[in-house]
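Engineer: I am attaching a structure below and will ask some questions about it afterwards.
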Amino acid sequence: MNAPLPPAHGLPLQRLDADQWQRAKPLLDDSWIEQEPRLAAALPVVLARDVGLDWHKAGTFRHHLLGVTRTLQLWQQPEDVKLLGLLHSVYGNAFVDLVKFDANSERSKLAAVVGEKAEQLVFEFCTLSRAQFVQKVLAGQIEADGAVVLDHKGAPRRVEPYTVAAFIIVSMADTMEQWFSWQDDIFSSFPNVPQRSQKAHWMASLWPGPMRPSGRMLSQIASLGLALQHPGLKGLLPVPPVFARCTQGLAPAADAAAASLYWSVIQQDQPLTDLDVATGVLEQAVQLNPWVGEPQMVLAQLYLSAGRNADAQAAADSALQAFSEWGNAWDKRVQWDAWVAWTRILQQHAQNGNWPERLDKLNNVALKPE
């Protein structure tokens, strides 16, 4: 994380890191993957299995696989880990019934495309218990050398340190790409999910629900990131830039409160005539959770409406930094690239001091060439 900015409102905002933004910018174009030879070679093989037709949480399975891979690209992961992201559920797993390759007969076919190292990561990610893996990591049950020992079919199974680091990083990206309020309900308390009646909880079952950001999973992602500081895992893979390079946690209560405060503004549960209450609520949300961009972006727009251009630029810069670190949206109502685009519009108007006075003129705003 960059040195915090010291604006008048004292929020824990980040400076925009030009290098991080330049890594994120090419990924706004979906064709970025075509410039990555091994990913580009694997993509048609995956697409040929109709992943674009399959539902997956906040979109299609294709959308999910590419979104996870985009984050891993942004996090500068090696090829085998990015390929794991692209293929991480293709053999199926305990969480989804999608099976795009038969683990009993098609492993060699997939290995011929992606290499044996990447295929082995994919196979283990799909066939070992991910719930048990997450439970062990969150509980700190990591061996001195960085390995994790799982119970697999009634026998101990050692997961090697490099694989542990890869699974943690891909799990962070995987969760961030897909999780929103619908899963907070149907998959409540993950990784210790209770069995509940679908009929009794019919309202929670209705997809996609209100599309609130998750009120609990970001703190879990932060805890997974902290596990990468284990001496046996340090240095095995590039550390994701989120949560100050995985050195900071997020308390569950702060995660929940920040999401609730943010959503109260989005749902217009605050006074609508003046800006002061909504602004204060969002500032508190950012204080509690400074690690995602959406609350900071909305706050930047409120600052612009109040004529606070310097504060608006600081908030927009920080929001763009967060979006550039994640490569996926926390608020799933629109996709990551749309959040980035609107943030850049706010950023430019803050710099130029020309935010529209008239409501209808918001329809005209456009990003000016840099």
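Each chain in the structure tokens gets a letter, A, B, ..., in the order shown, and its residues are numbered from 1; ligands are numbered from 1 in order too.
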Please identify all polymer residues within 10 Å of Glu283 (chain A), counting only C-alpha atoms, omitting same-chain residues fewer than 2 positions from it, and present them as a PyMOL selection string.
Structural biologist: chain A and resi 9-12+258+261-262+277-281+285-290+295-296+299
Engineer: Just to be explicit: take each residue in the selection above, keep C-alpha atoms, and write the result as a compact mmCIF listing (two decimals), in the first residue's frame.
Structural biologist:
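Below you can see out_10.txt, which holds the result:
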# COMPACT_ATOMS: atom_id res chain seq x y z
CA HIS A 9 -10.97 14.67 6.12
CA GLY A 10 -8.19 12.35 7.37
CA LEU A 11 -9.35 9.24 5.50
CA PRO A 12 -6.96 6.31 4.93
CA ALA A 258 -18.57 -0.80 6.07
CA LEU A 261 -22.99 1.84 5.58
CA TYR A 262 -22.10 1.87 1.89
CA VAL A 277 -25.27 12.82 5.98
CA ALA A 278 -24.52 10.57 2.98
CA THR A 279 -20.99 12.00 2.83
CA GLY A 280 -20.39 11.32 6.51
CA VAL A 281 -21.74 7.78 6.22
CA ALA A 285 -17.39 3.23 5.56
CA VAL A 286 -13.99 4.12 4.10
CA GLN A 287 -12.49 4.48 7.57
CA LEU A 288 -13.66 0.99 8.43
CA ASN A 289 -12.69 -0.61 5.13
CA PRO A 290 -10.18 1.30 2.98
CA PRO A 295 -17.17 3.46 -1.47
CA GLN A 296 -14.32 5.83 -2.28
CA LEU A 299 -17.61 9.50 -2.05
Engineer: Using only C-alpha atoms, which protein or nucleic acid residues come within 9 Å of Val134 (chain A)? Drop anything in the same chain fewer than 5 positions from it, and give the result as an MDAnalysis selection string.
Structural biologist: chainID A and resid 129 139 168 171 191 224
Engineer: Any chance you could export the current selection's N, CA and C atoms as a short mmCIF file (atom, residue, chain, number, x, y, z; two decimals), in the first residue's frame?
Structural biologist:
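Result file out-v9.cif:
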data_model
loop_
_atom_site.label_atom_id
_atom_site.label_comp_id
_atom_site.auth_asym_id
_atom_site.auth_seq_id
_atom_site.Cartn_x
_atom_site.Cartn_y
_atom_site.Cartn_z
N SER A 129 -10.15 -31.25 -0.86
CA SER A 129 -11.21 -30.49 -0.21
C SER A 129 -10.79 -29.04 -0.02
N ALA A 139 -7.15 -21.30 10.26
CA ALA A 139 -6.84 -21.69 11.64
C ALA A 139 -5.34 -21.67 11.93
N ILE A 168 -3.82 -20.50 -2.07
CA ILE A 168 -4.26 -19.32 -1.31
C ILE A 168 -4.52 -18.16 -2.25
N SER A 171 -7.49 -18.79 -4.48
CA SER A 171 -8.72 -18.72 -3.68
C SER A 171 -9.11 -17.27 -3.39
N PRO A 191 -16.04 -21.30 5.47
CA PRO A 191 -16.08 -22.66 4.92
C PRO A 191 -16.84 -23.68 5.75
N LEU A 224 -6.74 -14.86 4.45
CA LEU A 224 -5.98 -15.74 3.56
C LEU A 224 -4.68 -15.06 3.12
#
Engineer: Mind checking which residues fall within 8 Å of region 55-64 of chain A, counting only C-alpha atoms, ignoring those fewer than 5 positions away in the same chain, and posting them as a ChimeraX atom specification?
Structural biologist: /A:47,177-180,208,332
Engineer: List every residue of region 218-320 of chain A that DSSP, applied to the backbone of this structure, assigns to alpha helix (DSSP H), and report them as a PyMOL selection string.
Structural biologist: chain A and resi 218-227+242-246+252-266+276-288+294-305+309-320
Engineer: Using only C-alpha atoms, find the one residue out of A:Ala222, A:Leu74, A:Ala350, A:Leu362 that sits nearest to Gln20 (chain A).
Structural biologist: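 So, comparing all the options, the nearest one is A:Leu74.
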Engineer: As a PyMOL selection string, please: all residues of region 96-313 of chain A that backbone DSSP puts in strand (DSSP E or B).
Structural biologist: chain A and resi 148-152+155-159
Engineer: Please produce a file of those selected residues containing C-alpha atoms, as a CSV table (one decimal), in the first residue's frame.
Structural biologist:
chain,number,residue,atom,x,y,z
A,148,VAL,CA,-0.8,-28.1,4.7
A,149,VAL,CA,-1.9,-31.7,5.6
A,150,LEU,CA,-5.4,-32.5,4.6
A,151,ASP,CA,-7.6,-35.6,5.1
A,152,HIS,CA,-8.1,-37.0,1.7
A,155,ALA,CA,-5.7,-40.7,4.7
A,156,PRO,CA,-3.4,-37.8,5.3
A,157,ARG,CA,-2.5,-35.8,2.2
A,158,ARG,CA,0.4,-33.3,2.2
A,159,VAL,CA,0.0,-30.3,0.1
Engineer: Rounded to one decimal, what separation in Å do you get between CA of Ala41 (chain A) and CA of Asp80 (chain A)?
Structural biologist: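 Between CA of Ala41 (chain A) and CA of Asp80 (chain A) the gap works out to 13.1 Å.
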Engineer: Find the spatial neighbours of Trp21 (chain A), counting only C-alpha atoms, within a cut-off of 12 Å - ignore same-chain residues fewer than 4 positions away - and output them as JSON, numbers by chain.
Structural biologist: {"A": [15, 16, 17, 25, 26, 27, 28, 74, 75, 241, 317, 318, 319, 320, 321, 322, 323, 324, 325, 326, 327, 340, 344]}
